[in-house]
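Pasted below: my_file-v1.pdb, PDB, C-alpha atoms and all ligand atoms.
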```pdb
ATOM      1  CA  MET A   1      95.420  77.528 123.755  1.00  0.00           C
ATOM      2  CA  LYS A   2      96.338  74.986 121.081  1.00  0.00           C
ATOM      3  CA  THR A   3      96.941  76.219 117.532  1.00  0.00           C
ATOM      4  CA  TYR A   4      96.081  74.353 114.351  1.00  0.00           C
ATOM      5  CA  ILE A   5      96.652  75.045 110.665  1.00  0.00           C
ATOM      6  CA  PHE A   6      93.730  74.127 108.440  1.00  0.00           C
ATOM      7  CA  GLY A   7      95.252  72.740 105.238  1.00  0.00           C
ATOM      8  CA  ALA A   8      98.426  70.660 104.985  1.00  0.00           C
ATOM      9  CA  GLY A   9      99.417  71.619 101.432  1.00  0.00           C
ATOM     10  CA  GLY A  10     102.192  73.976 100.339  1.00  0.00           C
ATOM     11  CA  HIS A  11     100.574  77.071 101.831  1.00  0.00           C
ATOM     12  CA  GLY A  12      99.967  75.190 105.082  1.00  0.00           C
ATOM     13  CA  LYS A  13     103.671  74.415 105.297  1.00  0.00           C
ATOM     14  CA  VAL A  14     104.479  78.100 104.739  1.00  0.00           C
ATOM     15  CA  VAL A  15     102.096  79.085 107.548  1.00  0.00           C
ATOM     16  CA  CYS A  16     103.681  76.509 109.873  1.00  0.00           C
ATOM     17  CA  ASP A  17     107.098  77.994 109.112  1.00  0.00           C
ATOM     18  CA  ILE A  18     105.775  81.506 109.849  1.00  0.00           C
ATOM     19  CA  LEU A  19     104.192  80.565 113.177  1.00  0.00           C
ATOM     20  CA  GLU A  20     107.286  78.670 114.300  1.00  0.00           C
ATOM     21  CA  ALA A  21     109.583  81.532 113.228  1.00  0.00           C
ATOM     22  CA  ALA A  22     107.360  83.844 115.275  1.00  0.00           C
ATOM     23  CA  GLY A  23     107.871  81.583 118.297  1.00  0.00           C
ATOM     24  CA  GLN A  24     104.361  80.091 118.275  1.00  0.00           C
ATOM     25  CA  ARG A  25     103.820  76.373 118.813  1.00  0.00           C
ATOM     26  CA  VAL A  26     101.820  74.531 116.143  1.00  0.00           C
ATOM     27  CA  ASP A  27      99.884  71.571 117.523  1.00  0.00           C
ATOM     28  CA  GLY A  28      98.763  70.104 114.227  1.00  0.00           C
ATOM     29  CA  PHE A  29      97.527  70.491 110.677  1.00  0.00           C
ATOM     30  CA  ILE A  30      93.892  69.680 109.923  1.00  0.00           C
ATOM     31  CA  ASP A  31      93.432  68.032 106.540  1.00  0.00           C
ATOM     32  CA  ASP A  32      91.236  64.981 105.960  1.00  0.00           C
ATOM     33  CA  ALA A  33      93.007  64.140 102.691  1.00  0.00           C
ATOM     34  CA  LYS A  34      96.427  63.923 104.399  1.00  0.00           C
ATOM     35  CA  ARG A  35      95.327  62.564 107.775  1.00  0.00           C
ATOM     36  CA  GLY A  36      98.056  60.494 109.443  1.00  0.00           C
ATOM     37  CA  ALA A  37     100.933  62.245 107.661  1.00  0.00           C
ATOM     38  CA  SER A  38     103.176  64.897 109.229  1.00  0.00           C
ATOM     39  CA  HIS A  39     105.235  67.897 108.174  1.00  0.00           C
ATOM     40  CA  PHE A  40     108.371  68.783 110.149  1.00  0.00           C
ATOM     41  CA  GLY A  41     107.188  66.534 112.966  1.00  0.00           C
ATOM     42  CA  VAL A  42     103.797  68.294 113.194  1.00  0.00           C
ATOM     43  CA  PRO A  43     100.980  65.727 112.794  1.00  0.00           C
ATOM     44  CA  VAL A  44      98.174  66.008 110.246  1.00  0.00           C
ATOM     45  CA  LEU A  45      94.807  65.323 111.878  1.00  0.00           C
ATOM     46  CA  GLY A  46      91.318  64.803 110.495  1.00  0.00           C
ATOM     47  CA  GLU A  47      88.719  67.546 110.895  1.00  0.00           C
ATOM     48  CA  ASP A  48      86.791  65.369 113.367  1.00  0.00           C
ATOM     49  CA  GLN A  49      89.868  65.464 115.650  1.00  0.00           C
ATOM     50  CA  LEU A  50      89.658  69.258 116.043  1.00  0.00           C
ATOM     51  CA  GLU A  51      88.513  69.734 119.638  1.00  0.00           C
ATOM     52  CA  CYS A  52      86.021  72.627 119.723  1.00  0.00           C
ATOM     53  CA  SER A  53      84.866  72.577 123.359  1.00  0.00           C
ATOM     54  CA  ALA A  54      87.545  75.118 124.351  1.00  0.00           C
ATOM     55  CA  PRO A  55      89.082  78.103 122.557  1.00  0.00           C
ATOM     56  CA  VAL A  56      91.441  76.952 119.836  1.00  0.00           C
ATOM     57  CA  GLY A  57      93.719  79.016 117.583  1.00  0.00           C
ATOM     58  CA  VAL A  58      93.264  78.387 113.847  1.00  0.00           C
ATOM     59  CA  VAL A  59      94.787  79.693 110.629  1.00  0.00           C
ATOM     60  CA  VAL A  60      92.980  78.649 107.450  1.00  0.00           C
ATOM     61  CA  ALA A  61      95.906  77.967 105.136  1.00  0.00           C
ATOM     62  CA  VAL A  62      94.295  77.219 101.789  1.00  0.00           C
ATOM     63  CA  GLY A  63      95.501  79.277  98.836  1.00  0.00           C
ATOM     64  CA  ALA A  64      92.327  79.537  96.731  1.00  0.00           C
ATOM     65  CA  ASN A  65      90.331  82.456  98.139  1.00  0.00           C
ATOM     66  CA  HIS A  66      86.835  81.029  97.606  1.00  0.00           C
ATOM     67  CA  VAL A  67      87.814  77.693  99.187  1.00  0.00           C
ATOM     68  CA  ARG A  68      89.406  79.493 102.162  1.00  0.00           C
ATOM     69  CA  ALA A  69      86.197  81.475 102.604  1.00  0.00           C
ATOM     70  CA  ARG A  70      84.040  78.345 102.621  1.00  0.00           C
ATOM     71  CA  ILE A  71      86.290  76.625 105.167  1.00  0.00           C
ATOM     72  CA  ALA A  72      86.360  79.678 107.459  1.00  0.00           C
ATOM     73  CA  GLU A  73      82.560  79.843 107.377  1.00  0.00           C
ATOM     74  CA  ARG A  74      82.282  76.136 108.184  1.00  0.00           C
ATOM     75  CA  LEU A  75      84.757  76.457 111.049  1.00  0.00           C
ATOM     76  CA  ARG A  76      82.966  79.482 112.525  1.00  0.00           C
ATOM     77  CA  ALA A  77      79.757  77.442 112.600  1.00  0.00           C
ATOM     78  CA  ARG A  78      81.326  74.252 114.001  1.00  0.00           C
ATOM     79  CA  CYS A  79      83.774  75.884 116.445  1.00  0.00           C
ATOM     80  CA  PRO A  80      82.276  79.166 117.701  1.00  0.00           C
ATOM     81  CA  GLN A  81      85.206  79.457 120.132  1.00  0.00           C
ATOM     82  CA  ALA A  82      87.823  79.263 117.364  1.00  0.00           C
ATOM     83  CA  VAL A  83      90.210  82.199 117.416  1.00  0.00           C
ATOM     84  CA  PHE A  84      91.457  83.042 113.925  1.00  0.00           C
ATOM     85  CA  VAL A  85      95.114  83.897 114.439  1.00  0.00           C
ATOM     86  CA  ASN A  86      97.165  86.334 112.341  1.00  0.00           C
ATOM     87  CA  ALA A  87     100.380  84.607 111.187  1.00  0.00           C
ATOM     88  CA  ILE A  88     103.029  87.271 110.629  1.00  0.00           C
ATOM     89  CA  HIS A  89     106.607  86.322 109.773  1.00  0.00           C
ATOM     90  CA  PRO A  90     109.176  88.157 111.909  1.00  0.00           C
ATOM     91  CA  THR A  91     110.892  89.510 108.774  1.00  0.00           C
ATOM     92  CA  ALA A  92     107.671  91.125 107.500  1.00  0.00           C
ATOM     93  CA  HIS A  93     107.188  94.821 108.150  1.00  0.00           C
ATOM     94  CA  VAL A  94     103.706  95.834 109.264  1.00  0.00           C
ATOM     95  CA  ALA A  95     103.496  99.577 109.901  1.00  0.00           C
ATOM     96  CA  ARG A  96     102.421 100.595 113.394  1.00  0.00           C
ATOM     97  CA  SER A  97      99.373 102.365 111.958  1.00  0.00           C
ATOM     98  CA  ALA A  98      98.257  99.426 109.785  1.00  0.00           C
ATOM     99  CA  ARG A  99      95.063  97.638 110.852  1.00  0.00           C
ATOM    100  CA  LEU A 100      94.602  93.904 110.461  1.00  0.00           C
ATOM    101  CA  GLY A 101      91.494  91.821 110.973  1.00  0.00           C
ATOM    102  CA  VAL A 102      91.849  88.151 111.900  1.00  0.00           C
ATOM    103  CA  GLY A 103      93.207  85.023 110.263  1.00  0.00           C
ATOM    104  CA  ASN A 104      95.603  86.886 107.962  1.00  0.00           C
ATOM    105  CA  VAL A 105      98.908  85.472 106.716  1.00  0.00           C
ATOM    106  CA  VAL A 106     101.786  87.881 106.143  1.00  0.00           C
ATOM    107  CA  CYS A 107     104.806  86.006 104.783  1.00  0.00           C
ATOM    108  CA  ALA A 108     108.554  86.535 104.971  1.00  0.00           C
ATOM    109  CA  GLY A 109     109.741  89.872 103.639  1.00  0.00           C
ATOM    110  CA  ALA A 110     106.245  91.259 103.036  1.00  0.00           C
ATOM    111  CA  ILE A 111     105.476  94.921 103.714  1.00  0.00           C
ATOM    112  CA  ILE A 112     102.220  96.572 104.773  1.00  0.00           C
ATOM    113  CA  GLY A 113     102.710 100.317 104.804  1.00  0.00           C
ATOM    114  CA  PRO A 114     101.342 103.073 107.032  1.00  0.00           C
ATOM    115  CA  ASP A 115      97.559 103.208 107.384  1.00  0.00           C
ATOM    116  CA  GLY A 116      97.212  99.985 105.420  1.00  0.00           C
ATOM    117  CA  ALA A 117      94.148  97.870 106.183  1.00  0.00           C
ATOM    118  CA  LEU A 118      93.606  94.141 105.785  1.00  0.00           C
ATOM    119  CA  GLY A 119      90.213  92.549 106.347  1.00  0.00           C
ATOM    120  CA  ASP A 120      90.063  88.945 107.535  1.00  0.00           C
ATOM    121  CA  HIS A 121      91.802  85.855 106.087  1.00  0.00           C
ATOM    122  CA  CYS A 122      93.982  87.731 103.585  1.00  0.00           C
ATOM    123  CA  VAL A 123      97.302  86.406 102.311  1.00  0.00           C
ATOM    124  CA  VAL A 124     100.208  88.780 101.681  1.00  0.00           C
ATOM    125  CA  ASN A 125     102.662  86.302 100.254  1.00  0.00           C
ATOM    126  CA  THR A 126     106.458  86.209 100.271  1.00  0.00           C
ATOM    127  CA  GLY A 127     107.989  89.597  99.497  1.00  0.00           C
ATOM    128  CA  ALA A 128     104.679  91.203  98.487  1.00  0.00           C
ATOM    129  CA  GLN A 129     104.382  94.902  99.229  1.00  0.00           C
ATOM    130  CA  ALA A 130     101.337  97.056  99.871  1.00  0.00           C
ATOM    131  CA  ASP A 131     102.493 100.649 100.197  1.00  0.00           C
ATOM    132  CA  HIS A 132     100.797 103.317 102.325  1.00  0.00           C
ATOM    133  CA  ASP A 133      96.981 103.489 102.604  1.00  0.00           C
ATOM    134  CA  CYS A 134      96.209 100.257 100.737  1.00  0.00           C
ATOM    135  CA  ALA A 135      92.960  98.503 101.693  1.00  0.00           C
ATOM    136  CA  LEU A 136      92.396  94.769 101.122  1.00  0.00           C
ATOM    137  CA  GLY A 137      88.961  93.224 101.671  1.00  0.00           C
ATOM    138  CA  ASP A 138      88.330  89.850 103.294  1.00  0.00           C
ATOM    139  CA  PHE A 139      89.933  86.812 101.611  1.00  0.00           C
ATOM    140  CA  VAL A 140      92.086  88.866  99.228  1.00  0.00           C
ATOM    141  CA  SER A 141      95.470  87.415  98.357  1.00  0.00           C
ATOM    142  CA  LEU A 142      98.618  88.904  96.927  1.00  0.00           C
ATOM    143  CA  ALA A 143     100.958  86.328  95.364  1.00  0.00           C
ATOM    144  CA  PRO A 144     104.722  86.443  95.969  1.00  0.00           C
ATOM    145  CA  GLY A 145     106.412  89.593  94.721  1.00  0.00           C
ATOM    146  CA  VAL A 146     103.272  91.660  94.091  1.00  0.00           C
ATOM    147  CA  ILE A 147     103.767  95.407  94.458  1.00  0.00           C
ATOM    148  CA  LEU A 148     100.875  97.734  95.233  1.00  0.00           C
ATOM    149  CA  GLY A 149     101.496 101.481  95.069  1.00  0.00           C
ATOM    150  CA  GLY A 150      99.935 103.762  97.654  1.00  0.00           C
ATOM    151  CA  GLY A 151      96.173 103.926  98.150  1.00  0.00           C
ATOM    152  CA  VAL A 152      95.268 100.814  96.161  1.00  0.00           C
ATOM    153  CA  THR A 153      91.896  99.276  97.091  1.00  0.00           C
ATOM    154  CA  ILE A 154      91.171  95.603  96.409  1.00  0.00           C
ATOM    155  CA  SER A 155      87.741  94.178  97.219  1.00  0.00           C
ATOM    156  CA  GLU A 156      87.002  90.799  98.774  1.00  0.00           C
ATOM    157  CA  LEU A 157      88.095  87.469  97.310  1.00  0.00           C
ATOM    158  CA  THR A 158      90.299  88.990  94.626  1.00  0.00           C
ATOM    159  CA  TYR A 159      93.617  87.354  93.728  1.00  0.00           C
ATOM    160  CA  VAL A 160      96.625  89.285  92.417  1.00  0.00           C
ATOM    161  CA  GLY A 161      99.071  86.925  90.640  1.00  0.00           C
ATOM    162  CA  LEU A 162     102.795  86.466  90.959  1.00  0.00           C
ATOM    163  CA  GLY A 163     104.846  89.635  90.547  1.00  0.00           C
ATOM    164  CA  ALA A 164     101.971  91.838  89.349  1.00  0.00           C
ATOM    165  CA  ARG A 165     102.296  95.584  89.902  1.00  0.00           C
ATOM    166  CA  VAL A 166      99.415  97.946  90.596  1.00  0.00           C
ATOM    167  CA  ILE A 167      99.971 101.679  90.382  1.00  0.00           C
ATOM    168  CA  HIS A 168      98.865 104.045  93.130  1.00  0.00           C
ATOM    169  CA  GLY A 169      95.173 104.744  93.683  1.00  0.00           C
ATOM    170  CA  VAL A 170      93.807 101.905  91.537  1.00  0.00           C
ATOM    171  CA  LYS A 171      90.604 100.103  92.616  1.00  0.00           C
ATOM    172  CA  ILE A 172      90.067  96.428  91.817  1.00  0.00           C
ATOM    173  CA  GLY A 173      86.620  94.925  92.388  1.00  0.00           C
ATOM    174  CA  ALA A 174      85.610  91.719  94.172  1.00  0.00           C
ATOM    175  CA  HIS A 175      86.208  88.146  92.911  1.00  0.00           C
ATOM    176  CA  ALA A 176      88.692  89.266  90.257  1.00  0.00           C
ATOM    177  CA  VAL A 177      91.865  87.464  89.207  1.00  0.00           C
ATOM    178  CA  ILE A 178      94.821  89.547  88.042  1.00  0.00           C
ATOM    179  CA  GLY A 179      97.270  87.451  86.000  1.00  0.00           C
ATOM    180  CA  ALA A 180     100.891  86.942  86.943  1.00  0.00           C
ATOM    181  CA  GLY A 181     103.242  89.706  85.815  1.00  0.00           C
ATOM    182  CA  SER A 182     100.484  92.180  84.957  1.00  0.00           C
ATOM    183  CA  THR A 183     100.889  95.939  85.227  1.00  0.00           C
ATOM    184  CA  VAL A 184      97.622  97.427  86.423  1.00  0.00           C
ATOM    185  CA  VAL A 185      97.372 101.095  85.496  1.00  0.00           C
ATOM    186  CA  GLY A 186      93.604 101.679  85.827  1.00  0.00           C
ATOM    187  CA  ASP A 187      90.612 100.355  87.763  1.00  0.00           C
ATOM    188  CA  ILE A 188      89.533  96.748  87.118  1.00  0.00           C
ATOM    189  CA  ASP A 189      85.929  95.594  87.565  1.00  0.00           C
ATOM    190  CA  GLY A 190      85.006  92.772  89.903  1.00  0.00           C
ATOM    191  CA  GLY A 191      84.258  89.275  88.610  1.00  0.00           C
ATOM    192  CA  VAL A 192      86.776  89.220  85.766  1.00  0.00           C
ATOM    193  CA  VAL A 193      90.063  87.608  84.821  1.00  0.00           C
ATOM    194  CA  ALA A 194      92.429  90.359  83.726  1.00  0.00           C
ATOM    195  CA  TYR A 195      96.041  90.299  82.653  1.00  0.00           C
ATOM    196  CA  GLY A 196      98.753  91.949  80.610  1.00  0.00           C
ATOM    197  CA  SER A 197     100.642  95.212  80.612  1.00  0.00           C
ATOM    198  CA  PRO A 198      98.619  97.326  80.638  1.00  0.00           C
ATOM    199  CA  CYS A 199      96.243  94.962  82.412  1.00  0.00           C
ATOM    200  CA  ARG A 200      92.851  94.461  80.710  1.00  0.00           C
ATOM    201  CA  ALA A 201      89.837  92.284  81.554  1.00  0.00           C
ATOM    202  CA  VAL A 202      89.774  89.278  79.202  1.00  0.00           C
ATOM    203  CA  ARG A 203      86.741  87.379  80.462  1.00  0.00           C
ATOM    204  CA  VAL A 204      84.192  87.194  83.235  1.00  0.00           C
ATOM    205  CA  ARG A 205      84.511  84.493  85.859  1.00  0.00           C
ATOM    206  CA  ALA A 206      82.185  82.706  88.254  1.00  0.00           C
ATOM    207  CA  MET A 207      83.232  83.372  91.820  1.00  0.00           C
ATOM    208  CA  ASP A 208      84.287  79.776  92.468  1.00  0.00           C
ATOM    209  CA  ASP A 209      86.199  79.213  89.209  1.00  0.00           C
ATOM    210  CA  GLY A 210      89.647  77.816  89.990  1.00  0.00           C
ATOM    211  CA  TYR A 211      92.672  79.880  89.103  1.00  0.00           C
ATOM    212  CA  LEU A 212      95.701  78.310  90.821  1.00  0.00           C
TER     213      LEU A 212
HETATM  214  C1  LIG B   1      95.509  84.845  84.473  1.00  0.00           C
HETATM  215  C2  LIG B   1      95.411  83.342  84.551  1.00  0.00           C
HETATM  216  C3  LIG B   1      94.478  82.944  85.710  1.00  0.00           C
HETATM  217  C4  LIG B   1      94.802  82.904  83.215  1.00  0.00           C
HETATM  218  O1  LIG B   1      94.639  81.535  83.216  1.00  0.00           O
HETATM  219  P1  LIG B   1      93.856  80.850  81.981  1.00  0.00           P
HETATM  220  O2  LIG B   1      92.543  81.506  81.753  1.00  0.00           O
HETATM  221  O3  LIG B   1      93.876  79.389  82.282  1.00  0.00           O
HETATM  222  O4  LIG B   1      94.729  81.215  80.753  1.00  0.00           O
HETATM  223  P2  LIG B   1      95.485  80.240  79.724  1.00  0.00           P
HETATM  224  O5  LIG B   1      96.658  79.591  80.420  1.00  0.00           O
HETATM  225  O6  LIG B   1      94.456  79.347  79.082  1.00  0.00           O
HETATM  226  O7  LIG B   1      96.044  81.261  78.662  1.00  0.00           O
HETATM  227  C5  LIG B   1      95.194  81.934  77.742  1.00  0.00           C
HETATM  228  C6  LIG B   1      96.014  82.966  77.014  1.00  0.00           C
HETATM  229  O8  LIG B   1      96.308  84.033  77.924  1.00  0.00           O
HETATM  230  C7  LIG B   1      97.722  84.212  78.035  1.00  0.00           C
HETATM  231  N1  LIG B   1      98.015  84.513  79.455  1.00  0.00           N
HETATM  232  C8  LIG B   1      97.644  83.765  80.532  1.00  0.00           C
HETATM  233  N2  LIG B   1      98.064  84.356  81.664  1.00  0.00           N
HETATM  234  C9  LIG B   1      98.706  85.472  81.295  1.00  0.00           C
HETATM  235  C10 LIG B   1      99.378  86.486  82.023  1.00  0.00           C
HETATM  236  N3  LIG B   1      99.467  86.433  83.364  1.00  0.00           N
HETATM  237  N4  LIG B   1      99.931  87.518  81.340  1.00  0.00           N
HETATM  238  C11 LIG B   1      99.855  87.560  79.978  1.00  0.00           C
HETATM  239  N5  LIG B   1      99.243  86.609  79.234  1.00  0.00           N
HETATM  240  C12 LIG B   1      98.675  85.585  79.879  1.00  0.00           C
HETATM  241  C13 LIG B   1      98.328  82.872  77.594  1.00  0.00           C
HETATM  242  O9  LIG B   1      99.642  83.037  77.130  1.00  0.00           O
HETATM  243  C14 LIG B   1      97.351  82.468  76.533  1.00  0.00           C
HETATM  244  O10 LIG B   1      97.653  83.188  75.354  1.00  0.00           O
HETATM  245  P3  LIG B   1      97.387  82.539  73.893  1.00  0.00           P
HETATM  246  O11 LIG B   1      95.909  82.312  73.808  1.00  0.00           O
HETATM  247  O12 LIG B   1      97.887  83.589  72.962  1.00  0.00           O
HETATM  248  O13 LIG B   1      98.175  81.258  73.877  1.00  0.00           O
HETATM  249  C15 LIG B   1      96.778  82.663  84.795  1.00  0.00           C
HETATM  250  O14 LIG B   1      97.572  82.597  83.634  1.00  0.00           O
HETATM  251  C16 LIG B   1      97.597  83.360  85.874  1.00  0.00           C
HETATM  252  O15 LIG B   1      98.345  84.305  85.641  1.00  0.00           O
HETATM  253  N6  LIG B   1      97.428  82.856  87.118  1.00  0.00           N
HETATM  254  C17 LIG B   1      98.145  83.346  88.288  1.00  0.00           C
HETATM  255  C18 LIG B   1      99.210  82.335  88.690  1.00  0.00           C
HETATM  256  C19 LIG B   1     100.014  82.773  89.878  1.00  0.00           C
HETATM  257  O16 LIG B   1     100.136  83.936  90.194  1.00  0.00           O
HETATM  258  N7  LIG B   1     100.573  81.787  90.584  1.00  0.00           N
HETATM  259  C20 LIG B   1     101.326  82.061  91.803  1.00  0.00           C
HETATM  260  C21 LIG B   1     101.131  80.957  92.773  1.00  0.00           C
HETATM  261  S1  LIG B   1     102.053  81.258  94.242  1.00  0.00           S
END
```
Target format structure tokens, applied to this file:
Amino acid sequence: MKTYIFGAGGHGKVVCDILEAAGQRVDGFIDDAKRGASHFGVPVLGEDQLECSAPVGVVVAVGANHVRARIAERLRARCPQAVFVNAIHPTAHVARSARLGVGNVVCAGAIIGPDGALGDHCVVNTGAQADHDCALGDFVSLAPGVILGGGVTISELTYVGLGARVIHGVKIGAHAVIGAGSTVVGDIDGGVVAYGSPCRAVRVRAMDDGYL
């Protein structure tokens, strides 16, 4: 089965590095805006060049959660045989009891502790740590260096910014953005931008507002 990375930006390059480090061949990036280019000798193809008549491995490597969700939905419709691959760097630690859905990216040095659970298409970026019993909904991403204490629950499409820390047992709702460097010591509602130490909601956000 051929494997493609959807998105040839910075995150796409990271995913290529992960798959290659894990010994998996990458057959191409898919990115209409960069069609004809290449990264590390791997060609960038247009979306119309993605052959969907046979099973094909895909990782959607787009950082913004809501954009990743839209692309995954489009791909599921266009390529029903697409297999969304989990890209896990060999230096990441994923506990034996952790459960992962599909299409997740777990970067170098990341940790997912015992009885952790990831939905589908999450990103646990470089060096991010989710201690025991954390649960991440679909399309959640943890930026580099995030630390979640035990039993943290984060609902779908929420982004936790660079180096933020979340103490044990906290619940963060869906479509939220937690600012870089925040210290989250209590529950945060969905649909807000929140930051600071202690972290507080500062405004509501529409679910497709940009944040990166
Ligand atoms: C939270 C965030 C989305 C807010 O973005 P924004 O709404 O555009 O905010 P602005 O840049 O307009 O800043 C508004 C105010 O909030 C403050 N602020 C913004 N982010 C902050 C943060 N993370 N912690 C503390 N204060 C913050 C700014 O200093 C500014 O204060 P001022 O009004 O006193 O000057 C953004 O700052 C952030 O942290 N994004 C995450 C980035 C990240 O993790 N990148 C990693 C990529 S791998």
Query raised in the report: Which residues sit within 10 Å of ligand LIG 1 (chain B), counting only C-alpha atoms and all ligand atoms, listed as a PyMOL selection string?
Result: chain A and resi 10-11+63-64+125-126+141-146+159-164+176-183+192-203+205+209-212
Requested in this report: Mind checking which residues fall within 6 Å of range 87-98 of chain A, counting only C-alpha atoms, ignoring those fewer than 6 positions away in the same chain, and posting them as a VMD selection string?
Outcome: chain A and resid 18 to 19 22 105 to 117
Query raised in the report: So which residues get picked by the PyMOL selection byres (((chain A and resi 120-123) around 6) and not hetatm) here, written as a VMD selection string?
Result: chain A and resid 101 to 105 119 124 to 125 138 to 141
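Reported to one decimal place, the separation of CA of Val170 in chain A from CA of Gly149 in chain A is 8.5 Å.
The two atoms in question, CA of Met1 in chain A and CA of Gly28 in chain A, are spaced 12.5 Å apart.
Here CA of Ala33 in chain A stands at a distance of 11.5 Å from CA of Phe6 in chain A.
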Can you sort out the box for range 46-61 of chain A, edges along x, y and z, all listed atoms in, 8 Å on every side, with centre and edge lengths in Å to one decimal, as lines of an AutoDock Vina configuration file?
```
center_x = 90.4
center_y = 72.2
center_z = 114.7
size_x = 27.0
size_y = 30.9
size_z = 35.2
```
Requested in this report: Carefully work through the PyMOL selection byres (((chain A and resi 189) around 8) and not hetatm) for this structure and note down the residues it includes, as a list in words.
Outcome: Ile172, Gly173, Ala174, Ala176, Asp187, Ile188, Gly190, Gly191, Val192 and Ala201 of chain A
Query - Near-Cys52 in chain A list (10 Å; all atoms listed in the file; drop same-chain fewer than 3 positions) as a PyMOL selection string - result: chain A and resi 48-49+55-56+75+78-82
Query raised in the report: Which of these, A:Leu100, A:Gly137, A:Val83, A:Gly186, has the shortest distance to Ala54 in chain A once you count all atoms listed in the file?
Result: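 Distance minimum relative to Ala54 in chain A lands on A:Val83.
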Query raised in the report: When the PyMOL selection byres (((chain A and resi 25) around 12) and not hetatm) is applied to the file above, which residues end up in the set, as a PyMOL selection string?
Result: chain A and resi 1-5+15-24+26-29+41-42+57-58+87
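Among A:Val67, A:Leu157, A:Ile30, A:Val62, the residue with the shortest atom-to-atom distance to Val44 in chain A, counting all atoms listed in the file, is A:Ile30.
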